[in-house]
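Engineer: The structure that follows is given in the form of structure tokens.
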Amino acid sequence: MRKTTLILLLVTMSTILVGQNLNTTMDKNKKETSKTEDQWKQELTTEEYQVLRQCGTEQPFTGKYYDFKEKGSYLCAACGHELFSSSTKYDSGSGWPSFYQPIESGNIDEKRDTNLGMERIEIVCSNCGGHLGHVFNDGPQPTGLRYCVNSISLDFKPSSNSLKELK
Ligand SMILES: [Zn+2]
């Protein structure tokens, strides 16, 4: 009995170890865009999943970044892709973080959105397709654009300059 139990234990342990190695290798090679909805559901919180994968919108004036003024860059909360710089963030009064331009034009994709019975342009992360918000034509110069983004779709990375200042 004891011998059998020991063997079973060893088999179970090695299966777990092999499984972990496989997972790590797969994660490294996997493109973010190839994740299934089930995988996103597991990785994201319920709120993040609703906004990023189901085009939800957080309530205005509730997000962690609408009134946030630190210097740095804003990343996609789902995959870490760089999206916006704090230098292009401004207070639009809308209750959502607003930017007048992306950190690089290729980092954000635009899609036509006719939900809610109006024509809007949805903005998504170009790396993982995660929903960020919408872009409107009532922004400040130099672009005249307003990238209206859900805080939930964003992570913040302080700039290296502000890190140096802290040291
Ligand atoms: Zn992303």
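Letters A, B, ... go to the chains of the structure tokens in the order shown; residues in each chain start at 1; ligands are counted from 1 in the same order.
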Using only C-alpha atoms and all ligand atoms, which residues of the polymer chains come no farther than 9 Å from ligand 1? I'd like the answer as a list in words.

Structural biologist: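 Those within range of ligand 1 are Glu32, Thr33, Leu52, Leu75, Cys76, Ala77, Ala78, Cys79, Gly80, His81, Glu82, Leu83, Val124, Cys125, Ser126, Asn127, Cys128, Gly129, Gly130, His131, Leu132 and Ser153 of chain A.
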
Engineer: Next, write the just-selected residues to a file, as an mmCIF file, in the first residue's frame, keeping N, CA and C atoms as the atom set.

Structural biologist:
```
data_model
loop_
_atom_site.group_PDB
_atom_site.id
_atom_site.type_symbol
_atom_site.label_atom_id
_atom_site.label_comp_id
_atom_site.auth_asym_id
_atom_site.auth_seq_id
_atom_site.Cartn_x
_atom_site.Cartn_y
_atom_site.Cartn_z
ATOM 1 N N GLU A 32 -0.487 37.494 -28.014
ATOM 2 C CA GLU A 32 -1.629 37.905 -27.205
ATOM 3 C C GLU A 32 -2.936 37.733 -27.975
ATOM 4 N N THR A 33 -2.877 37.983 -29.274
ATOM 5 C CA THR A 33 -4.104 37.949 -30.064
ATOM 6 C C THR A 33 -4.657 36.536 -30.189
ATOM 7 N N LEU A 52 -12.795 45.253 -21.476
ATOM 8 C CA LEU A 52 -11.781 44.963 -22.499
ATOM 9 C C LEU A 52 -12.251 43.985 -23.565
ATOM 10 N N LEU A 75 -0.395 51.837 -20.280
ATOM 11 C CA LEU A 75 -0.281 50.568 -21.004
ATOM 12 C C LEU A 75 -1.643 49.886 -21.053
ATOM 13 N N CYS A 76 -1.785 48.975 -22.006
ATOM 14 C CA CYS A 76 -2.979 48.150 -22.075
ATOM 15 C C CYS A 76 -3.035 47.253 -20.829
ATOM 16 N N ALA A 77 -4.141 47.280 -20.116
ATOM 17 C CA ALA A 77 -4.262 46.494 -18.882
ATOM 18 C C ALA A 77 -4.263 44.995 -19.164
ATOM 19 N N ALA A 78 -4.593 44.611 -20.393
ATOM 20 C CA ALA A 78 -4.655 43.188 -20.716
ATOM 21 C C ALA A 78 -3.299 42.637 -21.117
ATOM 22 N N CYS A 79 -2.500 43.404 -21.897
ATOM 23 C CA CYS A 79 -1.277 42.815 -22.446
ATOM 24 C C CYS A 79 -0.029 43.653 -22.215
ATOM 25 N N GLY A 80 -0.115 44.850 -21.661
ATOM 26 C CA GLY A 80 1.065 45.653 -21.373
ATOM 27 C C GLY A 80 1.586 46.479 -22.546
ATOM 28 N N HIS A 81 0.863 46.497 -23.657
ATOM 29 C CA HIS A 81 1.243 47.274 -24.839
ATOM 30 C C HIS A 81 1.162 48.770 -24.500
ATOM 31 N N GLU A 82 2.192 49.557 -24.897
ATOM 32 C CA GLU A 82 2.174 50.998 -24.611
ATOM 33 C C GLU A 82 1.137 51.706 -25.469
ATOM 34 N N LEU A 83 0.288 52.526 -24.850
ATOM 35 C CA LEU A 83 -0.814 53.160 -25.583
ATOM 36 C C LEU A 83 -0.736 54.679 -25.597
ATOM 37 N N VAL A 124 -9.137 50.224 -30.042
ATOM 38 C CA VAL A 124 -8.711 48.965 -29.424
ATOM 39 C C VAL A 124 -7.187 48.884 -29.416
ATOM 40 N N CYS A 125 -6.648 48.118 -28.473
ATOM 41 C CA CYS A 125 -5.207 47.851 -28.425
ATOM 42 C C CYS A 125 -4.837 47.069 -29.688
ATOM 43 N N SER A 126 -3.802 47.533 -30.414
ATOM 44 C CA SER A 126 -3.452 46.859 -31.669
ATOM 45 C C SER A 126 -2.775 45.514 -31.421
ATOM 46 N N ASN A 127 -2.322 45.282 -30.182
ATOM 47 C CA ASN A 127 -1.658 44.017 -29.891
ATOM 48 C C ASN A 127 -2.630 42.902 -29.519
ATOM 49 N N CYS A 128 -3.603 43.204 -28.662
ATOM 50 C CA CYS A 128 -4.488 42.128 -28.189
ATOM 51 C C CYS A 128 -5.937 42.342 -28.588
ATOM 52 N N GLY A 129 -6.249 43.485 -29.199
ATOM 53 C CA GLY A 129 -7.627 43.736 -29.619
ATOM 54 C C GLY A 129 -8.535 44.164 -28.470
ATOM 55 N N GLY A 130 -7.952 44.412 -27.295
ATOM 56 C CA GLY A 130 -8.763 44.808 -26.136
ATOM 57 C C GLY A 130 -9.440 46.154 -26.360
ATOM 58 N N HIS A 131 -10.702 46.254 -25.941
ATOM 59 C CA HIS A 131 -11.470 47.494 -26.092
ATOM 60 C C HIS A 131 -10.944 48.559 -25.126
ATOM 61 N N LEU A 132 -10.677 49.762 -25.648
ATOM 62 C CA LEU A 132 -10.168 50.839 -24.801
ATOM 63 C C LEU A 132 -11.214 51.907 -24.556
ATOM 64 N N SER A 153 -9.200 49.797 -18.659
ATOM 65 C CA SER A 153 -8.406 49.265 -19.775
ATOM 66 C C SER A 153 -6.936 49.651 -19.682
#
```

Engineer: Can you check which residues of range 36-140 of chain A DSSP gives as strand (DSSP E or B) on the backbone and send them as a PDB file with N, CA and C atoms, in the first residue's frame?

Structural biologist:
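The resulting file, result_28.pdb, is shown below:
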```
ATOM      1  N   GLY A  72       4.260  59.661 -16.985  1.00  0.00           N
ATOM      2  CA  GLY A  72       4.624  58.297 -17.358  1.00  0.00           C
ATOM      3  C   GLY A  72       3.841  57.857 -18.565  1.00  0.00           C
ATOM      4  N   SER A  73       3.754  56.551 -18.732  1.00  0.00           N
ATOM      5  CA  SER A  73       2.981  56.072 -19.880  1.00  0.00           C
ATOM      6  C   SER A  73       1.874  55.131 -19.430  1.00  0.00           C
ATOM      7  N   TYR A  74       0.849  55.070 -20.256  1.00  0.00           N
ATOM      8  CA  TYR A  74      -0.316  54.230 -19.987  1.00  0.00           C
ATOM      9  C   TYR A  74      -0.248  53.005 -20.895  1.00  0.00           C
ATOM     10  N   LEU A  75      -0.395  51.837 -20.280  1.00  0.00           N
ATOM     11  CA  LEU A  75      -0.281  50.568 -21.004  1.00  0.00           C
ATOM     12  C   LEU A  75      -1.643  49.886 -21.053  1.00  0.00           C
ATOM     13  N   CYS A  76      -1.785  48.975 -22.006  1.00  0.00           N
ATOM     14  CA  CYS A  76      -2.979  48.150 -22.075  1.00  0.00           C
ATOM     15  C   CYS A  76      -3.035  47.253 -20.829  1.00  0.00           C
ATOM     16  N   GLU A  82       2.192  49.557 -24.897  1.00  0.00           N
ATOM     17  CA  GLU A  82       2.174  50.998 -24.611  1.00  0.00           C
ATOM     18  C   GLU A  82       1.137  51.706 -25.469  1.00  0.00           C
ATOM     19  N   LEU A  83       0.288  52.526 -24.850  1.00  0.00           N
ATOM     20  CA  LEU A  83      -0.814  53.160 -25.583  1.00  0.00           C
ATOM     21  C   LEU A  83      -0.736  54.679 -25.597  1.00  0.00           C
ATOM     22  N   PHE A  84      -0.525  55.293 -24.437  1.00  0.00           N
ATOM     23  CA  PHE A  84      -0.548  56.750 -24.356  1.00  0.00           C
ATOM     24  C   PHE A  84       0.574  57.248 -23.451  1.00  0.00           C
ATOM     25  N   SER A  85       0.991  58.517 -23.700  1.00  0.00           N
ATOM     26  CA  SER A  85       1.916  59.179 -22.804  1.00  0.00           C
ATOM     27  C   SER A  85       1.138  60.186 -21.970  1.00  0.00           C
ATOM     28  N   LYS A  89      -2.179  63.718 -22.137  1.00  0.00           N
ATOM     29  CA  LYS A  89      -3.412  63.556 -21.354  1.00  0.00           C
ATOM     30  C   LYS A  89      -3.930  64.939 -20.974  1.00  0.00           C
ATOM     31  N   TYR A  90      -5.223  65.112 -21.009  1.00  0.00           N
ATOM     32  CA  TYR A  90      -5.790  66.398 -20.603  1.00  0.00           C
ATOM     33  C   TYR A  90      -7.137  66.169 -19.925  1.00  0.00           C
ATOM     34  N   SER A  98      -8.628  61.149 -20.791  1.00  0.00           N
ATOM     35  CA  SER A  98      -8.696  61.624 -22.171  1.00  0.00           C
ATOM     36  C   SER A  98      -7.319  62.030 -22.654  1.00  0.00           C
ATOM     37  N   PHE A  99      -7.031  61.664 -23.882  1.00  0.00           N
ATOM     38  CA  PHE A  99      -5.735  61.953 -24.491  1.00  0.00           C
ATOM     39  C   PHE A  99      -5.995  62.535 -25.879  1.00  0.00           C
ATOM     40  N   ILE A 108      -2.613  51.709 -31.592  1.00  0.00           N
ATOM     41  CA  ILE A 108      -4.062  51.678 -31.364  1.00  0.00           C
ATOM     42  C   ILE A 108      -4.763  51.490 -32.706  1.00  0.00           C
ATOM     43  N   ASP A 109      -5.706  50.577 -32.750  1.00  0.00           N
ATOM     44  CA  ASP A 109      -6.504  50.367 -33.966  1.00  0.00           C
ATOM     45  C   ASP A 109      -7.875  51.009 -33.787  1.00  0.00           C
ATOM     46  N   GLU A 110      -8.450  51.432 -34.899  1.00  0.00           N
ATOM     47  CA  GLU A 110      -9.775  52.054 -34.850  1.00  0.00           C
ATOM     48  C   GLU A 110     -10.781  51.172 -35.578  1.00  0.00           C
ATOM     49  N   LYS A 111     -11.989  51.107 -35.027  1.00  0.00           N
ATOM     50  CA  LYS A 111     -13.060  50.297 -35.628  1.00  0.00           C
ATOM     51  C   LYS A 111     -14.335  51.116 -35.639  1.00  0.00           C
ATOM     52  N   ARG A 112     -15.134  50.933 -36.681  1.00  0.00           N
ATOM     53  CA  ARG A 112     -16.425  51.610 -36.745  1.00  0.00           C
ATOM     54  C   ARG A 112     -17.382  50.927 -35.772  1.00  0.00           C
ATOM     55  N   ASP A 113     -18.063  51.722 -34.961  1.00  0.00           N
ATOM     56  CA  ASP A 113     -18.968  51.185 -33.944  1.00  0.00           C
ATOM     57  C   ASP A 113     -20.336  51.832 -34.111  1.00  0.00           C
ATOM     58  N   ARG A 120     -19.876  55.778 -34.004  1.00  0.00           N
ATOM     59  CA  ARG A 120     -18.711  56.200 -33.221  1.00  0.00           C
ATOM     60  C   ARG A 120     -17.499  55.409 -33.703  1.00  0.00           C
ATOM     61  N   ILE A 121     -16.322  55.862 -33.317  1.00  0.00           N
ATOM     62  CA  ILE A 121     -15.118  55.110 -33.663  1.00  0.00           C
ATOM     63  C   ILE A 121     -14.554  54.491 -32.393  1.00  0.00           C
ATOM     64  N   GLU A 122     -14.595  53.173 -32.367  1.00  0.00           N
ATOM     65  CA  GLU A 122     -14.068  52.437 -31.217  1.00  0.00           C
ATOM     66  C   GLU A 122     -12.550  52.384 -31.320  1.00  0.00           C
ATOM     67  N   ILE A 123     -11.850  52.468 -30.198  1.00  0.00           N
ATOM     68  CA  ILE A 123     -10.401  52.281 -30.209  1.00  0.00           C
ATOM     69  C   ILE A 123     -10.043  51.008 -29.436  1.00  0.00           C
ATOM     70  N   VAL A 124      -9.137  50.224 -30.042  1.00  0.00           N
ATOM     71  CA  VAL A 124      -8.711  48.965 -29.424  1.00  0.00           C
ATOM     72  C   VAL A 124      -7.187  48.884 -29.416  1.00  0.00           C
ATOM     73  N   CYS A 125      -6.648  48.118 -28.473  1.00  0.00           N
ATOM     74  CA  CYS A 125      -5.207  47.851 -28.425  1.00  0.00           C
ATOM     75  C   CYS A 125      -4.837  47.069 -29.688  1.00  0.00           C
ATOM     76  N   HIS A 131     -10.702  46.254 -25.941  1.00  0.00           N
ATOM     77  CA  HIS A 131     -11.470  47.494 -26.092  1.00  0.00           C
ATOM     78  C   HIS A 131     -10.944  48.559 -25.126  1.00  0.00           C
ATOM     79  N   LEU A 132     -10.677  49.762 -25.648  1.00  0.00           N
ATOM     80  CA  LEU A 132     -10.168  50.839 -24.801  1.00  0.00           C
ATOM     81  C   LEU A 132     -11.214  51.907 -24.556  1.00  0.00           C
ATOM     82  N   GLY A 133     -11.937  52.289 -25.606  1.00  0.00           N
ATOM     83  CA  GLY A 133     -12.923  53.363 -25.502  1.00  0.00           C
ATOM     84  C   GLY A 133     -13.280  53.824 -26.902  1.00  0.00           C
ATOM     85  N   HIS A 134     -13.417  55.152 -27.074  1.00  0.00           N
ATOM     86  CA  HIS A 134     -13.760  55.705 -28.383  1.00  0.00           C
ATOM     87  C   HIS A 134     -12.918  56.945 -28.650  1.00  0.00           C
ATOM     88  N   VAL A 135     -12.825  57.322 -29.918  1.00  0.00           N
ATOM     89  CA  VAL A 135     -12.141  58.568 -30.262  1.00  0.00           C
ATOM     90  C   VAL A 135     -13.152  59.513 -30.913  1.00  0.00           C
ATOM     91  N   PHE A 136     -13.121  60.784 -30.472  1.00  0.00           N
ATOM     92  CA  PHE A 136     -14.072  61.791 -30.954  1.00  0.00           C
ATOM     93  C   PHE A 136     -13.311  62.979 -31.552  1.00  0.00           C
TER      94      PHE A 136
END
```

Engineer: Ranking A:Gln59, A:Ser87, A:Gln39, A:Thr114 by minimum distance to Val149 in chain A and counting only C-alpha atoms, which one comes first?

Structural biologist: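 Among the listed residues, A:Gln59 lies closest to Val149 in chain A.
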
Engineer: Using Å and a single decimal, report how far CA of Gly106 in chain A sits from CA of Thr46 in chain A.

Structural biologist: 28.1 Å

Engineer: Quick check for you: according to DSSP on this backbone, which residues of range 44-163 of chain A are classed as alpha helix (DSSP H)? Reply as a list in words.

Structural biologist: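 The residues of range 44-163 of chain A classed as alpha helix (DSSP H) are Thr46, Glu47, Glu48, Tyr49, Gln50, Val51, Leu52, Ser160, Asn161, Ser162 and Leu163 of chain A.
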
Engineer: Considering only C-alpha atoms, state which residue in the set A:Thr88, A:Thr57, A:Glu119, A:Gly144 is at the smallest distance from Glu104 in chain A.

Structural biologist: A:Thr88

Engineer: Using Å and a single decimal, report how far CA of Met118 in chain A sits from CA of Thr143 in chain A.

Structural biologist: 22.8 Å

Engineer: Here is a test: counting only C-alpha atoms, which residue of A:Ile152, A:Arg146, A:Ile103, A:Gly139 is nearest to Thr45 in chain A?

Structural biologist: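 Of all the options, A:Ile152 lies closest to Thr45 in chain A.
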
Engineer: How many Å separate CA of Lys71 in chain A from CA of Gln50 in chain A?

Structural biologist: 27.9 Å
